[in-house]
Structure formats: C-alpha cells, structure tokens
$ cat input02.txt   # compact mmCIF, C-alpha atoms
# COMPACT_ATOMS: atom_id res chain seq x y z
CA MET A 1 -21.75 -0.39 -9.47
CA ALA A 2 -21.69 0.78 -13.08
CA ILE A 3 -19.37 3.61 -12.14
CA THR A 4 -16.99 1.31 -10.28
CA SER A 5 -17.05 -1.07 -13.24
CA ASP A 6 -16.10 1.74 -15.64
CA VAL A 7 -13.27 2.82 -13.36
CA ARG A 8 -12.04 -0.76 -13.14
CA GLY A 9 -11.86 -0.90 -16.94
CA ALA A 10 -10.03 2.42 -17.14
CA ILE A 11 -7.51 1.29 -14.53
CA ARG A 12 -6.96 -2.04 -16.26
CA ALA A 13 -6.32 -0.15 -19.49
CA ALA A 14 -3.84 2.12 -17.70
CA ASN A 15 -2.11 -0.97 -16.28
CA ASP A 16 -1.90 -2.42 -19.80
CA THR A 17 -0.23 0.81 -20.93
CA PHE A 18 2.14 0.64 -17.94
CA GLN A 19 3.13 -2.91 -18.93
CA ALA A 20 3.62 -1.98 -22.61
CA ARG A 21 5.76 1.08 -21.83
CA PHE A 22 7.80 -0.86 -19.29
CA ALA A 23 8.47 -3.64 -21.80
CA ALA A 24 9.54 -0.93 -24.29
CA ARG A 25 12.05 0.36 -21.69
CA ASP A 26 10.16 3.69 -21.79
CA ALA A 27 10.69 4.97 -18.23
CA SER A 28 9.48 8.46 -19.17
CA GLY A 29 6.29 6.96 -20.54
CA VAL A 30 5.76 4.97 -17.35
CA ALA A 31 6.35 8.11 -15.23
CA ALA A 32 3.77 9.97 -17.33
CA LEU A 33 1.11 7.57 -16.01
CA TYR A 34 1.53 9.09 -12.53
CA THR A 35 0.07 12.36 -11.23
CA ASP A 36 2.38 15.36 -10.90
CA GLN A 37 2.34 14.91 -7.11
CA ALA A 38 2.70 11.15 -7.12
CA TRP A 39 4.65 9.11 -4.60
CA VAL A 40 6.27 5.78 -5.47
CA MET A 41 7.01 3.88 -2.26
CA PRO A 42 9.49 1.12 -3.21
CA PRO A 43 10.81 -1.60 -0.90
CA GLY A 44 14.35 -0.94 0.30
CA GLY A 45 14.32 2.79 -0.31
CA GLU A 46 12.82 6.13 0.56
CA VAL A 47 9.65 7.55 -1.01
CA VAL A 48 10.19 8.75 -4.60
CA LYS A 49 8.28 11.98 -5.28
CA GLY A 50 7.46 13.67 -8.57
CA THR A 51 7.67 12.81 -12.25
CA GLY A 52 11.42 13.19 -12.78
CA ALA A 53 12.38 11.11 -9.76
CA ILE A 54 9.77 8.49 -10.68
CA ARG A 55 11.19 8.26 -14.20
CA ASP A 56 14.70 7.78 -12.77
CA PHE A 57 13.39 5.14 -10.36
CA TRP A 58 11.79 3.04 -13.11
CA GLN A 59 14.83 3.56 -15.33
CA SER A 60 16.96 2.07 -12.53
CA VAL A 61 14.66 -0.97 -12.37
CA ILE A 62 14.91 -1.43 -16.15
CA ASP A 63 18.70 -0.96 -16.00
CA ALA A 64 18.85 -3.63 -13.28
CA GLY A 65 17.61 -6.16 -15.85
CA ILE A 66 13.86 -6.30 -15.25
CA THR A 67 12.36 -6.71 -18.70
CA ALA A 68 8.64 -6.92 -17.95
CA ALA A 69 6.10 -6.11 -15.24
CA ARG A 70 2.78 -7.91 -15.09
CA LEU A 71 0.00 -6.20 -13.09
CA ASP A 72 -3.22 -7.98 -12.12
CA SER A 73 -6.03 -6.08 -10.40
CA SER A 74 -7.78 -8.00 -7.64
CA ASP A 75 -10.12 -5.23 -6.53
CA VAL A 76 -10.94 -1.63 -7.44
CA GLU A 77 -13.11 0.71 -5.35
CA ALA A 78 -14.02 4.15 -6.73
CA PHE A 79 -14.87 7.29 -4.74
CA GLY A 80 -15.50 10.13 -7.17
CA ASP A 81 -12.15 11.13 -8.65
CA THR A 82 -10.24 8.72 -6.40
CA ALA A 83 -9.92 4.94 -6.67
CA VAL A 84 -8.15 2.33 -4.56
CA GLU A 85 -6.78 -0.70 -6.37
CA VAL A 86 -5.41 -3.86 -4.75
CA GLY A 87 -3.55 -6.28 -6.97
CA THR A 88 -0.66 -8.61 -7.56
CA TYR A 89 2.45 -8.16 -9.68
CA ARG A 90 5.11 -10.27 -11.30
CA LEU A 91 8.48 -9.01 -12.52
CA PHE A 92 10.45 -10.84 -15.17
CA ALA A 93 14.10 -10.86 -16.20
CA GLY A 94 13.82 -12.36 -19.64
CA ASP A 95 12.05 -15.71 -19.26
CA ASN A 96 12.65 -15.86 -15.52
CA GLU A 97 10.34 -14.53 -12.83
CA ALA A 98 12.49 -12.16 -10.78
CA ASP A 99 9.87 -11.38 -8.14
CA HIS A 100 6.18 -11.55 -7.36
CA GLY A 101 4.09 -9.78 -4.80
CA LYS A 102 1.17 -7.50 -4.09
CA TYR A 103 0.39 -3.80 -4.25
CA ILE A 104 -2.00 -1.02 -3.38
CA VAL A 105 -2.34 1.92 -5.75
CA GLU A 106 -4.39 5.02 -5.06
CA TRP A 107 -5.48 6.47 -8.40
CA LYS A 108 -6.70 9.99 -9.20
CA MET A 109 -8.82 10.99 -12.19
CA ARG A 110 -7.28 13.95 -13.97
CA ALA A 111 -8.47 16.26 -16.78
CA GLY A 112 -10.00 14.39 -19.68
CA GLY A 113 -11.00 11.44 -17.52
CA ASP A 114 -7.44 10.07 -17.37
CA TRP A 115 -6.77 7.88 -14.36
CA ARG A 116 -3.23 8.32 -12.99
CA LEU A 117 -1.31 6.53 -10.27
CA HIS A 118 -0.99 8.81 -7.22
CA ARG A 119 0.30 6.59 -4.41
CA ASP A 120 2.01 3.30 -5.32
CA ILE A 121 3.31 0.77 -2.79
CA TRP A 122 4.17 -2.92 -3.11
CA ASN A 123 6.12 -5.69 -1.47
CA THR A 124 7.34 -9.12 -2.36
CA SER A 125 5.43 -12.28 -1.44
CA VAL A 126 8.64 -14.30 -1.72
CA SER A 127 10.04 -15.48 1.60
CA ARG A 128 13.80 -14.83 1.58
CA MET B 1 -12.05 19.68 5.32
CA ALA B 2 -13.66 19.46 8.75
CA ILE B 3 -14.75 15.92 7.99
CA THR B 4 -11.29 14.88 6.85
CA SER B 5 -9.81 16.47 9.96
CA ASP B 6 -12.20 14.48 12.20
CA VAL B 7 -11.31 11.27 10.38
CA ARG B 8 -7.62 12.02 10.75
CA GLY B 9 -8.11 12.36 14.51
CA ALA B 10 -10.08 9.11 14.70
CA ILE B 11 -7.40 7.26 12.73
CA ARG B 12 -4.60 8.68 14.85
CA ALA B 13 -6.50 7.50 17.93
CA ALA B 14 -6.89 4.04 16.39
CA ASN B 15 -3.15 3.99 15.64
CA ASP B 16 -2.45 4.92 19.27
CA THR B 17 -4.60 1.97 20.34
CA PHE B 18 -2.74 -0.29 17.86
CA GLN B 19 0.58 0.78 19.39
CA ALA B 20 -0.65 0.28 22.96
CA ARG B 21 -2.07 -3.19 22.28
CA PHE B 22 1.05 -4.22 20.36
CA ALA B 23 3.29 -3.10 23.24
CA ALA B 24 1.04 -5.13 25.58
CA ARG B 25 1.65 -8.21 23.37
CA ASP B 26 -2.13 -8.28 22.77
CA ALA B 27 -2.32 -9.76 19.25
CA SER B 28 -6.07 -10.42 19.60
CA GLY B 29 -6.59 -6.78 20.50
CA VAL B 30 -4.56 -5.65 17.50
CA ALA B 31 -6.57 -7.96 15.22
CA ALA B 32 -9.80 -6.49 16.61
CA LEU B 33 -8.81 -3.14 15.06
CA TYR B 34 -9.28 -4.64 11.59
CA THR B 35 -12.55 -5.20 9.71
CA ASP B 36 -13.95 -8.73 9.51
CA GLN B 37 -12.89 -8.87 5.83
CA ALA B 38 -9.49 -7.25 6.29
CA TRP B 39 -6.33 -8.14 4.39
CA VAL B 40 -2.87 -7.72 5.87
CA MET B 41 -0.30 -7.73 3.07
CA PRO B 42 3.10 -8.33 4.72
CA PRO B 43 6.48 -8.31 2.99
CA GLY B 44 7.87 -11.78 2.37
CA GLY B 45 4.56 -13.62 2.60
CA GLU B 46 1.13 -14.12 1.12
CA VAL B 47 -1.91 -11.98 1.95
CA VAL B 48 -3.33 -12.67 5.44
CA LYS B 49 -7.14 -12.62 5.41
CA GLY B 50 -9.59 -12.43 8.31
CA THR B 51 -9.41 -11.79 12.04
CA GLY B 52 -8.00 -15.15 13.19
CA ALA B 53 -5.21 -15.21 10.63
CA ILE B 54 -4.42 -11.56 11.32
CA ARG B 55 -4.16 -12.28 15.06
CA ASP B 56 -1.78 -15.17 14.33
CA PHE B 57 0.28 -12.97 12.02
CA TRP B 58 0.79 -10.23 14.62
CA GLN B 59 1.42 -12.88 17.30
CA SER B 60 4.24 -14.23 15.10
CA VAL B 61 5.75 -10.74 14.85
CA ILE B 62 5.58 -10.32 18.65
CA ASP B 63 7.05 -13.80 19.13
CA ALA B 64 9.90 -12.85 16.78
CA GLY B 65 10.99 -10.25 19.32
CA ILE B 66 9.38 -7.04 18.08
CA THR B 67 8.38 -5.17 21.24
CA ALA B 68 6.87 -1.97 19.84
CA ALA B 69 5.44 -0.50 16.65
CA ARG B 70 5.37 3.24 16.09
CA LEU B 71 2.92 4.53 13.45
CA ASP B 72 3.04 8.09 12.09
CA SER B 73 0.35 9.33 9.70
CA SER B 74 1.65 11.52 6.89
CA ASP B 75 -1.67 11.99 5.09
CA VAL B 76 -5.31 10.94 5.46
CA GLU B 77 -7.99 11.38 2.78
CA ALA B 78 -11.61 10.54 3.61
CA PHE B 79 -14.34 9.45 1.20
CA GLY B 80 -17.52 8.80 3.15
CA ASP B 81 -17.00 5.58 5.11
CA THR B 82 -13.60 4.95 3.50
CA ALA B 83 -10.27 6.64 4.21
CA VAL B 84 -6.80 6.24 2.74
CA GLU B 85 -3.86 6.81 5.07
CA VAL B 86 -0.21 7.08 4.06
CA GLY B 87 2.37 6.97 6.83
CA THR B 88 5.66 5.75 8.16
CA TYR B 89 6.41 3.10 10.75
CA ARG B 90 9.21 2.06 13.05
CA LEU B 91 9.56 -1.33 14.71
CA PHE B 92 11.61 -1.81 17.85
CA ALA B 93 13.21 -4.80 19.52
CA GLY B 94 13.74 -3.45 23.01
CA ASP B 95 15.80 -0.27 22.67
CA ASN B 96 16.92 -1.10 19.12
CA GLU B 97 15.15 -0.07 15.93
CA ALA B 98 14.53 -3.34 14.06
CA ASP B 99 13.06 -1.76 10.93
CA HIS B 100 11.54 1.40 9.52
CA GLY B 101 9.48 2.01 6.44
CA LYS B 102 6.23 3.25 4.99
CA TYR B 103 2.67 2.05 4.62
CA ILE B 104 -0.71 2.58 3.05
CA VAL B 105 -3.82 1.62 5.00
CA GLU B 106 -7.35 1.71 3.63
CA TRP B 107 -9.72 2.24 6.55
CA LYS B 108 -13.47 1.57 6.76
CA MET B 109 -15.90 3.17 9.19
CA ARG B 110 -17.99 0.53 10.92
CA ALA B 111 -21.05 0.65 13.21
CA GLY B 112 -20.73 3.22 15.96
CA GLY B 113 -18.31 5.36 13.96
CA ASP B 114 -15.38 3.01 14.60
CA TRP B 115 -12.64 3.25 11.99
CA ARG B 116 -11.05 -0.15 11.25
CA LEU B 117 -8.07 -1.16 9.12
CA HIS B 118 -9.31 -2.90 5.97
CA ARG B 119 -6.27 -3.16 3.68
CA ASP B 120 -2.80 -2.85 5.22
CA ILE B 121 0.47 -2.92 3.24
CA TRP B 122 3.97 -1.73 4.10
CA ASN B 123 7.57 -2.16 3.13
CA THR B 124 10.95 -1.36 4.58
CA SER B 125 12.87 1.78 3.67
CA VAL B 126 16.11 0.09 4.73
CA SER B 127 18.40 -0.84 1.84
CA ARG B 128 19.68 -4.37 2.49

$ encode --input "input02.txt" --output "structure tokens"
Amino acid sequence: MAITSDVRGAIRAANDTFQARFAARDASGVAALYTDQAWVMPPGGEVVKGTGAIRDFWQSVIDAGITAARLDSSDVEAFGDTAVEVGTYRLFAGDNEADHGKYIVEWKMRAGGDWRLHRDIWNTSVSR
Amino acid sequence: MAITSDVRGAIRAANDTFQARFAARDASGVAALYTDQAWVMPPGGEVVKGTGAIRDFWQSVIDAGITAARLDSSDVEAFGDTAVEVGTYRLFAGDNEADHGKYIVEWKMRAGGDWRLHRDIWNTSVSR
C-alpha cells in the first residue's frame, strides 16, 4: 500500500506538471511527459505515436482554443514500473468548460524514478 | 514472456466469447465477462458500474441496432493477476460498419484462472 501511495503522489505531481505546461501553451513540454514509445489515443482520430507526433497533437488542441486541462485521478494501481490510472478530465476554453470526460492512462517509471504517460485514452461524458 | 503469452491467449479467448455473446444478443452473458466491480466507460455518457448496469448498457447498444462487435488485441501486458490490453474494435449494423476505434481494457484474473474485464474504455477513430 505504501508503494501504491507513493506512485499515486508521483502521478498526481506529473498531472500537475501536465496542467501547468498545457496552460503555458508548452506542447513540447507536455509531450516530454510521455515515454519515447507512447501512444496517445484521441477520440475522432487515429493513434498518435511518438514524441514529435504527440507534441503536434497537443499543439493542435491548444491551437483549437483549449486553454486549460484539468486532470483528476480517481484510482491508481501500481505494478512495479507500471501503473494504471483511471480519472476524469475537464477542458476549458477561457472561462467556459469545452468538454469533460474520463480517461485511462498506463504509466511507466523511467530512469531516475520519473513516471511517464505510456498509453493515454479518453472520451467525453457529454451526450451529444 | 511465457506468462504474458498465456495471458494473451486467455484474453483473446475471452474476447472471442464477448463477440459470440454479443452476436447472440446475450447482454447478460457479455456482462458476466466483467468483474463484479467493473467500470465500463463509454463515450457520450457517465461511467457504468457493476454487473446489472453493464448488462443494461450493452442491451441498449444491441437495441440500438449494433449486431456485432469485433475486438482485435494489439498488445497485452501482464502483471500477476492484472493485465493491460490495447486493441482496436469494429462495430457492425448488419453488413455495415457502424463505427471503428480503439480501446484499453484492464483485466483481472479471478477464481479458476478466469480473466475478466475490470476497466473498459474506448473511443471512435472516425472523424465526425
């Protein structure tokens, strides 16, 4: 339990960094939070593989007018250097909520104890 | 590696059963493939928790005219009694493809070596 608790804290800290870099329009900084072999699996598109493509993906989201992403962990399970996180997200365009939904992220611990996003999938909870 | 390979086979077999029960319009049988504490995380709606709600969810998909679900594993990683599967899906309405996309499923091994879906999220790859 102590180990899982530590991992939860590390992942929450990484999510805080994700939010801060996103709000700073720093798509390269967001992409650097992923592993080198990461997959982003966005709604309405094909799987986005690798750091450069992931940077371009998040840049496109920022360019589309999303100004902030809020990530809230519901649950983290750790298995050695792998962790599975389930959570909810909210996206904002200025003061307006643009979307909210849920996600699963598989994290990998890399050199130095850094936890990086490795598989990242989400979908909206808004009925359209 | 041998262990992961065995788990991959067990999960593929469970996916085959999912497909067969879905095609038989057996929503209760599909729901029985999930753990008692499972979450289904569908696009356009809130998280669906527990066997009864999961049965009703898949019944609603069947009632909406989806006649078949095709599940293809891309990758399975096993960690003791937990496994993470990444794959792609296709949904059919008769002879027509109604949707295709990608998913992550966290599986749990239960009594008797049964692998059950525990967290299930997907989204479309179709740009709308």

$ residues_around --input "input02.txt" --residues "range 94-97 of chain A" --least-positions-apart "6" --cutoff "10 Å" --atoms "only C-alpha atoms" --output "count of residues only"
5

$ closest_residue --input "input02.txt" --among "A:Ala53, A:Val76, A:Met41, A:Leu71" --to "chain B" --atoms "only C-alpha atoms"
A:Met41

$ residues_around --input "input02.txt" --residues "Asp72 in chain B" --least-positions-apart "2" --cutoff "7 Å" --atoms "all atoms listed in the file" --output "list in words"
Arg70, Ser74, Gly87, Thr88 and Tyr89 of chain B

$ closest_atom_pairs --input "input02.txt" --of "chain A" --to "chain B" --cutoff "6 Å" --atoms "only C-alpha atoms" --output "JSON lines"
{"residue": "A:Pro43", "atom": "CA", "partner": "B:Asn123", "partner_atom": "CA", "distance": 5.2}
{"residue": "A:Gly44", "atom": "CA", "partner": "B:Ser127", "partner_atom": "CA", "distance": 4.3}
{"residue": "A:Gly45", "atom": "CA", "partner": "B:Ser125", "partner_atom": "CA", "distance": 4.4}
{"residue": "A:Glu46", "atom": "CA", "partner": "B:Ser125", "partner_atom": "CA", "distance": 5.3}
{"residue": "A:Asn123", "atom": "CA", "partner": "B:Pro43", "partner_atom": "CA", "distance": 5.2}
{"residue": "A:Thr124", "atom": "CA", "partner": "B:Gly44", "partner_atom": "CA", "distance": 5.5}
{"residue": "A:Ser125", "atom": "CA", "partner": "B:Gly45", "partner_atom": "CA", "distance": 4.3}
{"residue": "A:Val126", "atom": "CA", "partner": "B:Gly44", "partner_atom": "CA", "distance": 4.9}
{"residue": "A:Ser127", "atom": "CA", "partner": "B:Gly44", "partner_atom": "CA", "distance": 4.4}

$ atom_distance --input "input02.txt" --atom1 "CA of Lys49 in chain A" --atom2 "CA of Ala93 in chain A"
26.0 Å

$ atom_distance --input "input02.txt" --atom1 "CA of Met109 in chain A" --atom2 "CA of Ala32 in chain A"
13.6 Å

$ atom_distance --input "input02.txt" --atom1 "CA of Gly112 in chain A" --atom2 "CA of Ala38 in chain A"
18.2 Å

$ closest_residue --input "input02.txt" --among "B:Asp6, B:Gln19, B:Phe57, B:Ala13" --to "Arg90 in chain B" --atoms "all atoms listed in the file"
B:Gln19

$ residues_around --input "input02.txt" --residues "Lys108 in chain A" --least-positions-apart "2" --cutoff "6 Å" --atoms "all atoms listed in the file" --output "mmCIF file with C-alpha atoms, keeping the file's coordinate frame"
data_model
loop_
_atom_site.group_PDB
_atom_site.id
_atom_site.type_symbol
_atom_site.label_atom_id
_atom_site.label_comp_id
_atom_site.auth_asym_id
_atom_site.auth_seq_id
_atom_site.Cartn_x
_atom_site.Cartn_y
_atom_site.Cartn_z
ATOM 1 C CA ASP A 81 -12.150 11.130 -8.650
ATOM 2 C CA THR A 82 -10.240 8.720 -6.400
ATOM 3 C CA TRP A 115 -6.770 7.880 -14.360
ATOM 4 C CA ARG A 116 -3.230 8.320 -12.990
#

$ closest_residue --input "input02.txt" --among "B:Asp26, B:Asp99, B:Asp63, B:Asp75" --to "Val7 in chain B" --atoms "only C-alpha atoms"
B:Asp75

$ residues_around --input "input02.txt" --residues "Val30 in chain A" --least-positions-apart "2" --cutoff "8 Å" --atoms "all atoms listed in the file" --output "MDAnalysis selection string"
chainID A and resid 18 21:22 26:28 32:34 55 58

$ decode --input "input02.txt" --residues "range 91-104 of chain B" --atoms "all heavy atoms" --output "mmCIF file, in the first residue's frame"
data_model
loop_
_atom_site.group_PDB
_atom_site.id
_atom_site.type_symbol
_atom_site.label_atom_id
_atom_site.label_comp_id
_atom_site.auth_asym_id
_atom_site.auth_seq_id
_atom_site.Cartn_x
_atom_site.Cartn_y
_atom_site.Cartn_z
ATOM 1 N N LEU B 91 -17.577 -2.058 -34.923
ATOM 2 C CA LEU B 91 -18.985 -2.359 -34.642
ATOM 3 C C LEU B 91 -19.731 -2.415 -35.968
ATOM 4 O O LEU B 91 -19.499 -1.577 -36.851
ATOM 5 C CB LEU B 91 -19.615 -1.283 -33.745
ATOM 6 C CG LEU B 91 -18.999 -1.087 -32.363
ATOM 7 C CD1 LEU B 91 -19.740 0.032 -31.628
ATOM 8 C CD2 LEU B 91 -19.012 -2.374 -31.555
ATOM 9 N N PHE B 92 -20.631 -3.376 -36.067
ATOM 10 C CA PHE B 92 -21.385 -3.567 -37.295
ATOM 11 C C PHE B 92 -22.879 -3.475 -37.028
ATOM 12 O O PHE B 92 -23.363 -3.898 -35.963
ATOM 13 C CB PHE B 92 -21.071 -4.939 -37.904
ATOM 14 C CG PHE B 92 -19.642 -5.068 -38.351
ATOM 15 C CD1 PHE B 92 -18.672 -5.523 -37.459
ATOM 16 C CD2 PHE B 92 -19.265 -4.705 -39.632
ATOM 17 C CE1 PHE B 92 -17.336 -5.620 -37.859
ATOM 18 C CE2 PHE B 92 -17.935 -4.801 -40.030
ATOM 19 C CZ PHE B 92 -16.970 -5.259 -39.136
ATOM 20 N N ALA B 93 -23.581 -2.904 -38.005
ATOM 21 C CA ALA B 93 -25.045 -2.931 -38.030
ATOM 22 C C ALA B 93 -25.403 -3.709 -39.284
ATOM 23 O O ALA B 93 -25.369 -3.169 -40.395
ATOM 24 C CB ALA B 93 -25.604 -1.512 -38.070
ATOM 25 N N GLY B 94 -25.659 -5.002 -39.115
ATOM 26 C CA GLY B 94 -25.820 -5.869 -40.286
ATOM 27 C C GLY B 94 -24.510 -5.918 -41.053
ATOM 28 O O GLY B 94 -23.454 -6.156 -40.468
ATOM 29 N N ASP B 95 -24.572 -5.659 -42.353
ATOM 30 C CA ASP B 95 -23.359 -5.724 -43.180
ATOM 31 C C ASP B 95 -22.545 -4.435 -43.135
ATOM 32 O O ASP B 95 -21.447 -4.376 -43.703
ATOM 33 C CB ASP B 95 -23.736 -6.001 -44.643
ATOM 34 C CG ASP B 95 -24.265 -7.411 -44.838
ATOM 35 O OD1 ASP B 95 -23.966 -8.282 -43.987
ATOM 36 O OD2 ASP B 95 -24.979 -7.642 -45.838
ATOM 37 N N ASN B 96 -23.075 -3.398 -42.480
ATOM 38 C CA ASN B 96 -22.414 -2.094 -42.495
ATOM 39 C C ASN B 96 -21.581 -1.870 -41.243
ATOM 40 O O ASN B 96 -22.027 -2.176 -40.135
ATOM 41 C CB ASN B 96 -23.458 -0.982 -42.593
ATOM 42 C CG ASN B 96 -24.283 -1.103 -43.861
ATOM 43 O OD1 ASN B 96 -23.733 -1.312 -44.949
ATOM 44 N ND2 ASN B 96 -25.601 -1.009 -43.702
ATOM 45 N N GLU B 97 -20.382 -1.312 -41.437
ATOM 46 C CA GLU B 97 -19.582 -0.913 -40.280
ATOM 47 C C GLU B 97 -20.190 0.356 -39.698
ATOM 48 O O GLU B 97 -20.291 1.376 -40.372
ATOM 49 C CB GLU B 97 -18.129 -0.662 -40.681
ATOM 50 C CG GLU B 97 -17.260 -0.353 -39.465
ATOM 51 C CD GLU B 97 -15.829 -0.028 -39.829
ATOM 52 O OE1 GLU B 97 -15.064 -0.967 -40.109
ATOM 53 O OE2 GLU B 97 -15.482 1.172 -39.844
ATOM 54 N N ALA B 98 -20.611 0.283 -38.421
ATOM 55 C CA ALA B 98 -21.226 1.435 -37.761
ATOM 56 C C ALA B 98 -20.183 2.331 -37.111
ATOM 57 O O ALA B 98 -20.409 3.532 -36.937
ATOM 58 C CB ALA B 98 -22.218 0.948 -36.709
ATOM 59 N N ASP B 99 -19.052 1.753 -36.732
ATOM 60 C CA ASP B 99 -18.020 2.526 -36.037
ATOM 61 C C ASP B 99 -16.757 1.679 -35.993
ATOM 62 O O ASP B 99 -16.810 0.451 -36.051
ATOM 63 C CB ASP B 99 -18.460 2.854 -34.599
ATOM 64 C CG ASP B 99 -17.531 3.830 -33.887
ATOM 65 O OD1 ASP B 99 -16.845 4.630 -34.567
ATOM 66 O OD2 ASP B 99 -17.491 3.806 -32.642
ATOM 67 N N HIS B 100 -15.609 2.369 -35.895
ATOM 68 C CA HIS B 100 -14.376 1.669 -35.531
ATOM 69 C C HIS B 100 -13.534 2.596 -34.686
ATOM 70 O O HIS B 100 -13.637 3.822 -34.784
ATOM 71 C CB HIS B 100 -13.615 1.161 -36.758
ATOM 72 C CG HIS B 100 -12.967 2.242 -37.581
ATOM 73 N ND1 HIS B 100 -13.588 2.855 -38.643
ATOM 74 C CD2 HIS B 100 -11.748 2.823 -37.475
ATOM 75 C CE1 HIS B 100 -12.780 3.757 -39.169
ATOM 76 N NE2 HIS B 100 -11.651 3.768 -38.478
ATOM 77 N N GLY B 101 -12.716 1.978 -33.846
ATOM 78 C CA GLY B 101 -11.895 2.776 -32.940
ATOM 79 C C GLY B 101 -10.922 1.923 -32.173
ATOM 80 O O GLY B 101 -10.511 0.855 -32.646
ATOM 81 N N LYS B 102 -10.579 2.392 -30.977
ATOM 82 C CA LYS B 102 -9.519 1.777 -30.186
ATOM 83 C C LYS B 102 -9.939 1.716 -28.730
ATOM 84 O O LYS B 102 -10.850 2.431 -28.320
ATOM 85 C CB LYS B 102 -8.219 2.570 -30.366
ATOM 86 C CG LYS B 102 -8.423 4.062 -30.170
ATOM 87 C CD LYS B 102 -7.626 4.870 -31.177
ATOM 88 C CE LYS B 102 -7.918 6.372 -31.077
ATOM 89 N NZ LYS B 102 -9.284 6.770 -31.512
ATOM 90 N N TYR B 103 -9.289 0.856 -27.973
ATOM 91 C CA TYR B 103 -9.687 0.681 -26.582
ATOM 92 C C TYR B 103 -8.502 0.318 -25.708
ATOM 93 O O TYR B 103 -7.470 -0.164 -26.198
ATOM 94 C CB TYR B 103 -10.781 -0.388 -26.457
ATOM 95 C CG TYR B 103 -10.361 -1.798 -26.837
ATOM 96 C CD1 TYR B 103 -9.696 -2.620 -25.922
ATOM 97 C CD2 TYR B 103 -10.623 -2.299 -28.100
ATOM 98 C CE1 TYR B 103 -9.322 -3.917 -26.270
ATOM 99 C CE2 TYR B 103 -10.253 -3.591 -28.455
ATOM 100 C CZ TYR B 103 -9.600 -4.395 -27.534
ATOM 101 O OH TYR B 103 -9.224 -5.668 -27.877
ATOM 102 N N ILE B 104 -8.679 0.553 -24.418
ATOM 103 C CA ILE B 104 -7.815 -0.026 -23.389
ATOM 104 C C ILE B 104 -8.723 -0.760 -22.415
ATOM 105 O O ILE B 104 -9.734 -0.208 -21.966
ATOM 106 C CB ILE B 104 -6.977 1.040 -22.653
ATOM 107 C CG1 ILE B 104 -5.942 1.666 -23.604
ATOM 108 C CG2 ILE B 104 -6.272 0.423 -21.440
ATOM 109 C CD1 ILE B 104 -5.019 2.711 -22.951
#
